[in-house]
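Content type compact mmCIF, C-alpha atoms, from the file model_13.txt:
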# COMPACT_ATOMS: atom_id res chain seq x y z
CA MET A 1 185.27 70.64 143.62
CA LEU A 2 184.09 70.73 142.97
CA GLY A 3 181.09 72.04 141.50
CA LEU A 4 180.53 74.40 144.35
CA GLY A 5 180.39 78.09 144.09
CA THR A 6 181.98 78.21 140.69
CA THR A 7 181.39 81.36 138.72
CA ALA A 8 178.07 81.47 136.95
CA VAL A 9 177.59 80.50 133.36
CA ASP A 10 178.52 83.46 131.20
CA ALA A 11 174.99 84.51 130.44
CA ALA A 12 176.07 86.48 127.42
CA GLU A 13 177.03 83.23 125.72
CA VAL A 14 173.65 81.58 126.29
CA ASP A 15 171.61 81.43 123.11
CA ALA A 16 168.35 83.30 123.55
CA SER A 17 166.63 80.53 121.60
CA ALA A 18 167.34 78.27 124.59
CA ALA A 19 164.60 80.04 126.59
CA VAL A 20 162.42 77.42 128.24
CA ALA A 21 159.68 77.37 130.83
CA VAL A 22 161.76 75.76 133.58
CA CYS A 23 158.82 76.05 135.99
CA GLY A 24 156.13 75.36 133.40
CA HIS A 25 154.45 78.79 133.34
CA THR A 26 155.76 80.48 130.19
CA ALA A 27 158.86 80.54 128.01
CA GLU A 28 158.44 84.26 127.33
CA GLN A 29 161.24 86.33 128.85
CA PRO A 30 160.32 90.01 128.77
CA LEU A 31 162.05 92.71 130.76
CA LEU A 32 160.70 92.49 134.31
CA GLN A 33 161.02 95.06 137.07
CA ARG A 34 159.23 96.35 140.16
CA GLY A 35 155.51 96.48 139.36
CA SER A 36 155.52 93.76 136.66
CA THR A 37 152.79 91.14 136.91
CA GLY A 38 151.63 88.05 135.07
CA GLN A 39 152.88 84.67 133.95
CA ALA A 40 156.43 85.79 133.15
CA THR A 41 156.77 87.23 136.66
CA LEU A 42 155.40 83.99 138.09
CA GLU A 43 157.93 82.00 136.05
CA ALA A 44 160.75 84.27 137.20
CA GLN A 45 159.79 83.96 140.88
CA CYS A 46 159.67 80.18 140.64
CA GLU A 47 163.03 80.06 138.83
CA LEU A 48 164.53 82.36 141.47
CA ASN A 49 163.40 79.91 144.14
CA LEU A 50 164.99 76.98 142.32
CA ALA A 51 168.18 78.93 141.59
CA THR A 52 168.82 80.31 145.08
CA LYS A 53 167.64 77.62 147.47
CA ALA A 54 170.99 75.83 147.24
CA GLY A 55 172.45 78.82 149.08
CA SER A 56 170.04 78.29 152.00
CA HIS A 57 167.63 80.98 150.83
CA THR A 58 164.04 80.59 151.98
CA PRO A 59 161.79 80.63 148.88
CA ILE A 60 159.93 83.82 148.08
CA ALA A 61 156.22 83.88 147.27
CA ALA A 62 155.48 82.99 143.66
CA ASP A 63 152.39 85.16 143.27
CA GLY A 64 152.91 86.80 139.89
CA SER A 65 153.52 90.25 141.40
CA PHE A 66 157.02 91.77 141.21
CA GLY A 67 157.29 93.46 144.59
CA PRO A 68 160.13 94.36 146.98
CA ALA A 69 160.83 90.75 148.01
CA THR A 70 161.19 89.68 144.39
CA GLU A 71 163.45 92.63 143.61
CA GLU A 72 165.66 91.80 146.59
CA ARG A 73 165.95 88.16 145.50
CA VAL A 74 166.77 89.23 141.94
CA ARG A 75 169.63 91.35 143.28
CA THR A 76 170.86 88.46 145.40
CA PHE A 77 170.82 86.13 142.41
CA GLN A 78 172.54 88.66 140.17
CA HIS A 79 175.27 89.02 142.78
CA CYS A 80 175.74 85.24 142.84
CA ALA A 81 175.77 85.02 139.05
CA GLY A 82 178.30 87.80 138.61
CA LEU A 83 175.83 90.16 136.95
CA ALA A 84 175.08 93.82 137.56
CA ALA A 85 172.75 93.80 140.57
CA ASP A 86 170.11 96.20 139.26
CA GLY A 87 167.07 94.25 140.48
CA GLU A 88 165.64 93.92 136.97
CA ILE A 89 165.32 90.75 134.91
CA GLY A 90 166.68 91.43 131.46
CA PRO A 91 168.19 89.08 128.85
CA LEU A 92 171.38 88.29 130.80
CA THR A 93 169.56 87.62 134.06
CA TRP A 94 166.97 85.47 132.28
CA ALA A 95 169.74 83.44 130.64
CA ALA A 96 171.52 82.90 133.95
CA LEU A 97 168.24 82.06 135.70
CA THR A 98 167.41 79.44 133.08
CA SER A 99 170.76 77.78 133.63
CA TRP A 100 170.85 78.02 137.44
CA SER A 101 167.26 76.95 138.00
CA ALA A 102 167.64 73.88 135.81
CA HIS A 103 171.02 73.01 137.34
CA PRO A 104 171.11 74.57 140.83
CA GLN A 105 174.39 75.47 142.45
CA PRO A 106 175.10 77.12 145.80
CA CYS A 107 174.26 80.80 145.64
CA SER A 108 176.02 82.71 148.39
CA PRO A 109 175.69 84.71 150.50
CA ALA A 110 173.33 82.47 152.39
CA GLY A 111 169.86 83.86 152.84
CA ALA A 112 168.38 84.52 156.22
CA ALA A 113 165.68 82.15 157.38
CA GLY A 114 162.20 83.60 157.19
CA VAL A 115 158.57 82.60 157.28
CA PRO A 116 158.06 80.24 154.32
CA PRO A 117 155.44 81.52 151.86
CA ALA A 118 152.34 79.51 151.07
CA SER A 119 153.05 79.61 147.34
CA VAL A 120 156.49 78.94 145.92
CA CYS A 121 155.58 77.47 142.52
CA GLY A 122 152.37 79.28 141.61
CA HIS A 123 150.55 76.51 139.75
CA SER A 124 147.89 75.26 142.14
CA THR A 125 146.90 75.10 145.80
CA ALA A 126 144.41 72.23 145.36
CA ARG A 127 146.62 69.37 146.63
CA PRO A 128 144.49 66.51 145.24
CA VAL A 129 145.55 62.88 145.43
CA LEU A 130 147.80 62.27 142.41
CA ARG A 131 149.23 59.09 140.98
CA GLN A 132 150.90 57.93 137.78
CA GLY A 133 148.81 58.88 134.77
CA ALA A 134 147.52 62.16 136.22
CA LYS A 135 147.96 65.35 134.17
CA GLY A 136 147.47 69.05 134.60
CA VAL A 137 148.45 72.02 136.75
CA ASP A 138 148.29 70.05 140.00
CA VAL A 139 150.94 67.71 138.61
CA LYS A 140 153.03 70.74 137.64
CA GLU A 141 152.79 71.96 141.22
CA LEU A 142 153.85 68.53 142.46
CA GLN A 143 156.82 68.37 140.10
CA CYS A 144 157.95 71.88 140.98
CA ARG A 145 157.65 71.16 144.71
CA LEU A 146 159.69 67.98 144.28
CA ASN A 147 162.43 69.96 142.55
CA LEU A 148 162.50 72.43 145.42
CA ALA A 149 162.45 69.77 148.12
CA MET A 150 165.07 67.35 146.86
CA GLU A 151 168.80 68.00 146.98
CA PRO A 152 169.78 68.84 143.37
CA GLY A 153 173.17 67.15 143.61
CA HIS A 154 171.49 63.77 143.94
CA HIS A 155 168.21 64.47 142.15
CA PRO A 156 168.40 66.19 138.73
CA PRO A 157 165.34 68.45 138.37
CA LEU A 158 162.21 66.94 136.86
CA ALA A 159 160.69 68.50 133.75
CA ILE A 160 157.67 70.47 134.93
CA ASP A 161 155.36 69.29 132.17
CA GLY A 162 152.19 68.35 134.07
CA ASP A 163 152.50 64.68 133.11
CA PHE A 164 152.77 62.25 136.05
CA GLY A 165 154.94 59.63 134.42
CA GLY A 166 157.45 57.11 135.69
CA GLY A 167 160.11 59.72 136.47
CA THR A 168 157.72 61.69 138.64
CA ALA A 169 156.52 58.51 140.36
CA ASN A 170 160.11 57.52 141.16
CA ARG A 171 160.82 60.97 142.55
CA VAL A 172 157.71 60.82 144.75
CA VAL A 173 158.98 57.52 146.17
CA GLU A 174 162.42 59.03 146.78
CA PHE A 175 160.84 61.92 148.64
CA GLN A 176 158.60 59.62 150.66
CA LEU A 177 161.56 57.50 151.72
CA CYS A 178 163.56 60.56 152.62
CA ALA A 179 160.70 62.08 154.62
CA GLY A 180 159.87 58.84 156.45
CA LEU A 181 156.53 58.30 154.72
CA GLY A 182 155.00 55.21 153.18
CA ALA A 183 156.58 54.78 149.75
CA ASP A 184 153.57 54.17 147.51
CA ALA A 185 154.35 56.67 144.69
CA VAL A 186 151.03 58.40 145.39
CA ALA A 187 150.89 62.06 146.34
CA GLY A 188 148.24 61.90 149.05
CA PRO A 189 147.60 64.23 152.01
CA ASN A 190 150.66 63.20 154.03
CA THR A 191 152.99 63.46 151.06
CA TRP A 192 151.60 66.88 150.15
CA THR A 193 152.05 68.07 153.74
CA GLY A 194 155.66 66.89 153.85
CA LEU A 195 156.39 68.22 150.40
CA THR A 196 154.93 71.63 151.20
CA ASP A 197 157.13 71.81 154.28
CA TRP A 198 160.38 70.74 152.60
CA SER A 199 159.88 72.87 149.48
CA SER A 200 158.96 76.03 151.37
CA ARG A 201 162.01 76.41 153.60
CA ASN A 202 165.77 76.63 153.22
CA ALA A 203 166.49 72.92 153.60
CA TYR A 204 166.70 69.90 151.32
CA CYS A 205 165.52 66.36 151.77
CA THR A 206 168.94 64.74 151.35
CA PRO A 207 169.84 61.12 150.76
CA PRO A 208 171.58 59.33 153.59
CA ARG A 209 175.37 59.26 153.65
CA PRO A 210 176.94 56.10 152.21
CA THR A 211 176.93 53.16 154.59
CA GLY A 212 180.02 51.19 155.50
CA TYR A 213 182.37 54.18 155.57
CA PRO A 214 182.39 55.68 159.08
CA ILE A 215 184.91 58.50 158.53
CA ASP A 216 183.49 61.81 157.29
CA GLY A 217 185.11 64.71 155.49
CA LEU A 218 184.20 67.91 153.68
CA ASP A 219 185.57 70.31 151.08
CA THR A 220 185.68 74.10 151.43
CA ALA A 221 186.46 77.21 149.42
CA LYS A 222 185.47 80.87 149.57
CA TYR A 223 181.88 79.89 148.77
CA GLN A 224 181.50 78.44 152.26
CA HIS A 225 182.09 81.98 153.61
CA PRO A 226 178.94 83.88 152.57
CA ASP A 227 179.34 87.59 153.27
CA GLY A 228 182.73 86.78 154.79
CA ALA A 229 181.28 84.52 157.48
CA PRO A 230 183.99 82.48 159.23
CA ILE A 231 183.95 78.71 159.46
CA ASP A 232 183.78 77.35 163.00
CA TRP A 233 186.20 74.47 162.63
CA ASP A 234 185.81 73.40 166.24
CA ALA A 235 182.07 72.93 165.66
CA ILE A 236 182.80 70.92 162.53
CA ARG A 237 185.22 68.70 164.41
CA ALA A 238 182.72 68.29 167.28
CA SER A 239 180.11 67.08 164.78
CA GLY A 240 182.34 64.12 163.89
CA VAL A 241 184.12 65.30 160.74
CA GLU A 242 187.67 63.90 160.59
CA PHE A 243 189.21 65.41 157.45
CA ALA A 244 188.92 68.41 155.15
CA THR A 245 190.20 69.48 151.76
CA VAL A 246 190.65 73.24 151.38
CA LYS A 247 190.85 75.10 148.09
CA ALA A 248 194.25 76.69 147.58
CA THR A 249 194.57 77.79 143.97
CA ARG A 250 192.96 77.77 140.54
CA GLY A 251 194.83 77.92 137.27
CA THR A 252 197.88 80.16 137.18
CA ASN A 253 196.55 83.29 138.84
CA VAL A 254 193.96 82.63 141.59
CA THR A 255 194.57 81.93 145.25
CA ASP A 256 191.51 81.35 147.41
CA GLU A 257 191.20 84.18 149.90
CA TYR A 258 190.40 81.79 152.75
CA LEU A 259 193.26 79.36 152.15
CA ALA A 260 195.30 80.47 155.17
CA THR A 261 192.45 80.65 157.67
CA ASP A 262 190.77 77.44 156.56
CA LEU A 263 193.88 75.29 156.20
CA GLU A 264 195.22 76.22 159.62
CA GLY A 265 191.78 76.43 161.23
CA ALA A 266 190.96 72.86 160.20
CA ARG A 267 194.38 71.62 161.30
CA ALA A 268 194.18 73.42 164.65
CA ALA A 269 190.78 71.84 165.29
CA GLY A 270 192.32 68.39 164.87
CA LEU A 271 191.20 67.54 161.35
CA ALA A 272 193.47 65.91 158.83
CA VAL A 273 193.66 68.48 156.03
CA ALA A 274 194.81 68.82 152.43
CA PRO A 275 195.04 71.83 150.11
CA TYR A 276 193.71 71.37 146.59
CA HIS A 277 194.30 72.99 143.21
CA PHE A 278 191.66 73.39 140.49
CA TYR A 279 193.32 72.62 137.15
CA THR A 280 192.44 74.83 134.21
CA ALA A 281 193.64 74.47 130.65
CA THR A 282 192.58 77.64 128.85
CA SER A 283 195.97 77.66 127.13
CA PRO A 284 198.35 74.79 126.37
CA ASP A 285 201.16 73.46 128.53
CA THR A 286 200.44 75.30 131.79
CA GLY A 287 200.50 72.30 134.15
CA ALA A 288 203.98 73.02 135.53
CA ALA A 289 203.21 76.73 135.94
CA GLN A 290 199.99 75.91 137.77
CA ALA A 291 201.95 73.58 140.03
CA GLU A 292 204.48 76.29 140.89
CA ARG A 293 201.64 78.66 141.75
CA PHE A 294 200.12 76.05 144.04
CA ILE A 295 203.42 75.21 145.70
CA ALA A 296 204.18 78.84 146.46
CA ALA A 297 200.69 79.52 147.83
CA VAL A 298 200.53 76.57 150.22
CA ARG A 299 204.12 76.94 151.41
CA ALA A 300 203.33 80.54 152.26
CA VAL A 301 200.68 79.39 154.74
CA GLY A 302 202.84 76.70 156.34
CA TYR A 303 201.89 73.53 154.45
CA THR A 304 204.79 71.13 153.96
CA GLY A 305 202.98 67.85 153.46
CA GLN A 306 205.05 66.43 156.32
CA ARG A 307 203.53 68.01 159.45
CA PRO A 308 201.21 66.00 161.70
CA GLY A 309 197.76 66.48 160.20
CA ASP A 310 198.97 67.16 156.64
CA LEU A 311 197.25 65.01 154.03
CA PRO A 312 198.79 64.78 150.55
CA PRO A 313 198.06 67.67 148.16
CA ILE A 314 195.05 67.21 145.88
CA PHE A 315 194.81 67.81 142.12
CA ASP A 316 191.25 68.73 141.06
CA LEU A 317 190.92 67.31 137.53
CA GLU A 318 187.42 67.85 136.18
CA ARG A 319 185.30 69.66 133.63
CA MET A 320 185.46 73.41 133.13
CA ASP A 321 184.02 75.44 135.98
CA ASP A 322 182.12 77.91 133.78
CA GLY A 323 178.89 75.91 133.93
CA SER A 324 179.28 74.61 130.38
CA GLY A 325 180.25 71.04 131.33
CA ARG A 326 182.91 71.07 128.61
CA CYS A 327 186.26 69.32 128.79
CA PRO A 328 189.21 71.63 129.57
CA THR A 329 190.11 73.18 126.22
CA TYR A 330 193.81 72.30 126.29
CA GLY A 331 193.68 69.63 128.95
CA SER A 332 195.92 66.63 128.34
CA VAL A 333 197.42 63.72 130.22
CA THR A 334 200.89 65.14 129.63
CA ASP A 335 199.98 68.53 131.06
CA ALA A 336 198.25 66.98 134.08
CA MET A 337 201.28 64.80 134.72
CA ALA A 338 203.48 67.91 134.65
CA TRP A 339 201.47 69.27 137.62
CA LEU A 340 201.54 65.97 139.46
CA ASP A 341 205.28 65.40 139.00
CA THR A 342 206.18 68.97 139.99
CA VAL A 343 204.10 68.90 143.16
CA GLU A 344 205.28 65.43 144.17
CA ALA A 345 208.88 66.55 143.80
CA ALA A 346 208.20 69.65 145.93
CA PHE A 347 206.53 67.90 148.86
CA GLY A 348 207.80 64.34 148.64
CA ARG A 349 204.25 62.98 148.55
CA LYS A 350 202.23 61.48 145.75
CA PRO A 351 199.22 63.77 145.20
CA VAL A 352 195.63 62.62 145.40
CA ILE A 353 193.61 63.15 142.20
CA TYR A 354 190.04 64.41 142.48
CA THR A 355 188.13 63.33 139.37
CA GLN A 356 185.32 61.18 137.96
CA LYS A 357 185.45 58.12 135.75
CA SER A 358 183.11 59.83 133.28
CA PHE A 359 185.47 62.79 132.99
CA LEU A 360 188.50 60.62 132.29
CA ASP A 361 186.50 58.58 129.79
CA ASP A 362 185.02 61.58 127.95
CA CYS A 363 187.89 64.06 128.15
CA LEU A 364 191.10 62.05 128.41
CA GLY A 365 190.35 58.91 126.43
CA SER A 366 189.87 56.57 129.41
CA THR A 367 193.55 56.98 130.20
CA THR A 368 195.20 54.61 132.65
CA ALA A 369 198.03 57.08 133.32
CA PHE A 370 196.60 57.95 136.74
CA ALA A 371 195.97 54.37 137.88
CA GLY A 372 198.79 54.54 140.44
CA TYR A 373 197.45 57.64 142.22
CA PRO A 374 195.11 57.71 145.21
CA LEU A 375 191.70 58.99 144.13
CA GLN A 376 189.02 61.28 145.47
CA LEU A 377 186.03 60.42 143.30
CA ALA A 378 182.89 62.51 142.90
CA ASP A 379 179.60 60.76 142.26
CA TYR A 380 176.30 62.05 143.68
CA ARG A 381 174.01 59.21 142.63
CA ARG A 382 171.95 57.65 145.38
CA SER A 383 171.67 54.37 143.50
CA ILE A 384 175.31 53.33 143.94
CA THR A 385 177.16 51.87 146.92
CA GLU A 386 180.57 53.18 145.84
CA PRO A 387 181.84 55.36 142.99
CA PRO A 388 182.84 53.68 139.71
CA LEU A 389 186.58 53.35 139.29
CA PRO A 390 188.46 54.87 136.35
CA THR A 391 190.01 52.44 133.91
CA GLY A 392 193.06 50.78 135.44
CA SER A 393 192.41 51.89 139.03
CA SER A 394 191.74 49.27 141.69
CA THR A 395 190.44 51.34 144.61
CA TRP A 396 189.47 54.82 145.79
CA LEU A 397 190.53 56.88 148.81
CA MET A 398 187.72 59.43 149.26
CA TRP A 399 184.20 59.58 147.84
CA GLN A 400 182.56 62.97 147.46
CA TYR A 401 178.94 61.87 147.57
CA THR A 402 177.00 65.15 147.78
CA ALA A 403 177.38 68.81 146.87
CA SER A 404 174.77 70.12 149.29
CA ALA A 405 175.65 68.91 152.77
CA LEU A 406 174.86 71.13 155.74
CA PHE A 407 177.46 71.15 158.52
CA ASP A 408 177.50 72.71 161.95
CA GLY A 409 179.87 75.68 161.79
CA ILE A 410 179.36 76.57 158.10
CA SER A 411 176.83 79.12 156.85
CA ALA A 412 176.47 77.62 153.36
CA PRO A 413 176.17 74.11 151.88
CA ALA A 414 179.40 72.21 151.25
CA THR A 415 180.45 69.03 149.52
CA ALA A 416 180.82 65.99 151.78
CA ASP A 417 183.06 62.93 151.59
CA VAL A 418 183.63 59.58 153.18
CA PHE A 419 187.04 57.93 153.61
CA ASN A 420 187.71 54.43 152.37
CA GLY A 421 189.65 53.08 155.33
CA THR A 422 190.05 53.03 159.08
CA GLN A 423 191.00 55.79 161.47
CA ASP A 424 194.49 54.31 161.61
CA ASP A 425 194.67 54.51 157.81
CA LEU A 426 193.69 58.17 157.90
CA ASP A 427 196.17 58.92 160.66
CA ARG A 428 199.00 57.31 158.72
CA LEU A 429 198.08 59.29 155.62
CA ALA A 430 198.08 62.47 157.75
CA ASN A 431 201.50 61.82 159.35
CA ARG A 432 200.00 61.11 162.76

Take the structure from the file and write it as structure tokens.
Amino acid sequence: MLGLGTTAVDAAEVDASAAVAVCGHTAEQPLLQRGSTGQATLEAQCELNLATKAGSHTPIAADGSFGPATEERVRTFQHCAGLAADGEIGPLTWAALTSWSAHPQPCSPAGAAGVPPASVCGHSTARPVLRQGAKGVDVKELQCRLNLAMEPGHHPPLAIDGDFGGGTANRVVEFQLCAGLGADAVAGPNTWTGLTDWSSRNAYCTPPRPTGYPIDGLDTAKYQHPDGAPIDWDAIRASGVEFATVKATRGTNVTDEYLATDLEGARAAGLAVAPYHFYTATSPDTGAAQAERFIAAVRAVGYTGQRPGDLPPIFDLERMDDGSGRCPTYGSVTDAMAWLDTVEAAFGRKPVIYTQKSFLDDCLGSTTAFAGYPLQLADYRRSITEPPLPTGSSTWLMWQYTASALFDGISAPATADVFNGTQDDLDRLANR
């Protein structure tokens, strides 16, 4: 759920032939360590910036010199990616960097704010006026800066190819709108100034929240607790958030270590709250067993589904969380229904299903089996006014519209939602 803080792609499974110049410097991936210099070091520093900014890390200087700051950031990234934190960039770290920098995900623990460096991409400091049709290293710098400035959940990274085409022009306009500048698709002095600011610090230029849906929510798991930092639920509630979904379990053998504190902390602060389960299907016919694990875990921390403030339980039905984007190996409608039926029988409430239309289309044959369930739909596109409905469904309950929201009271980015209804609707759903 949710795409946040999932374990890193197993770097050992990444084909070495997939090496690419994500930042446009070089596709060579030699062993790098303290004292290394050159284009490969420059590429690594830029990729580290792309890969770790989603965890609120201030970019390091991309200067082509592997010094202490670079070594520290390498260790931080390796920790996030589940690799041995030796501070060196070998084949496994390169493979993980290539994946994470092209598809950023929150890297906790959150980095401390610092003085932003002048160079975070390492291509050029010229800052000339650029428009569609321009080519060269200045365009590479522009494209790299755009990737660092724009929230990756809404804005898939541009190819850093030095060619100012239509995609780059559209991204410039998106940045200009976000930064309150004139949207002319031209990178002039004001755009460069704004872009340098946004790309050089631990913040993203994020799209506005969806209009027409006044009730806000968020989703949490252990990844919103960098270095064990607590969540200040009172601060979250004071900021206007009305509901939360809290990770409870994954598969048949994982319980989130912050389930108890987050579920009760959110409820005590006055939020409507639901526990959720991430469905895995690494072996066949485990849906009922996963449900029993979930039921036991949430009952142990006081959830009944019937208390004031209790939202229905949530079933997280999405692609594999190993970074591969694959469908669950043994996932099936029958197995998912086994989870849903077991949990509904235990709590007397129809679960909410977290999913996406594209997942149901690609992985479960556009099934209509879930058409009668309330839906929490994930779609991070800025171009839509509501998420597309799965086949057979007529409405949605919650829309998870970003994976990189920043909330008062949380030390790392979180996913954010809006509720499709009134406050009275939410209160009824939460037994209030």

Requested in this report: Name the residues in contact with range 130-146 of chain A at a cut-off of 10 Å, using all atoms listed in the file, excluding same-chain residues fewer than 4 positions from it; report them as a ChimeraX atom specification.
Outcome: /A:22-25,46-47,50,119-126,150-151,155,157-172,174-175,184-189,192,195-200,205

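All residues of protein, DNA or RNA that reach within 10 Å of Ile353 in chain A, judged by all atoms listed in the file and not counting those fewer than 4 positions away in the chain, are Tyr276, His277, Pro312, Pro313, Ile314, Phe315, Asp316, Leu317, Glu318, Leu340, Phe370, Tyr373, Pro374, Leu375, Gln376, Leu377, Trp396, Leu397 and Met398 of chain A.
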
Query - Sphere at (169.1, 81.1, 143.4), radius 12 Å, counting all atoms listed in the file: residues as a ChimeraX atom specification - result: /A:5,8,44-60,70,72-81,93,96-111,148,202

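In this model, the gap between CA of Asp310 in chain A and CA of Leu271 in chain A comes to 9.1 Å.
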
Query raised in the report: Of the candidates A:Leu311, A:Ala336, A:Ala85, A:Ala281, which one gets nearest to Leu263 in chain A if we count all atoms listed in the file?
Result: A:Leu311

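Nearest residue to Ala203 in chain A among A:Pro152, A:Gly265, A:Pro128, A:Pro351 is A:Pro152, counting all atoms listed in the file.
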
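The space between CA of Ala300 in chain A and CA of Asp427 in chain A spans 24.3 Å.
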
Query - Selection near Pro328 in chain A, 8 Å with all atoms listed in the file, sequence-local residues under 5 positions removed, as a list in words - result: Thr280, Ala281, Thr282, Glu318, Arg319, Met320 and Cys363 of chain A

**Report entry** Residue neighbourhood Asp232 in chain A, 8 Å, all atoms listed in the file, exclusion window fewer than 2 positions, as a PyMOL selection string
**Finding:** chain A and resi 230+234-236+408-410

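Ranking A:Asp424, A:Glu264, A:Asp227, A:Asp86 by their shortest atom-to-atom distance to Ser411 in chain A, with only C-alpha atoms included, puts A:Asp227 first.
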
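Here the question is which of A:Gln400, A:Gln306, A:Thr395, A:Thr329 gets nearest to Leu429 in chain A using only C-alpha atoms, and that residue is A:Gln306.
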
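Using all atoms listed in the file, the nearest neighbour of Asp63 in chain A within the list A:Ala183, A:Tyr354, A:Ile89, A:Ala118 is A:Ala118.
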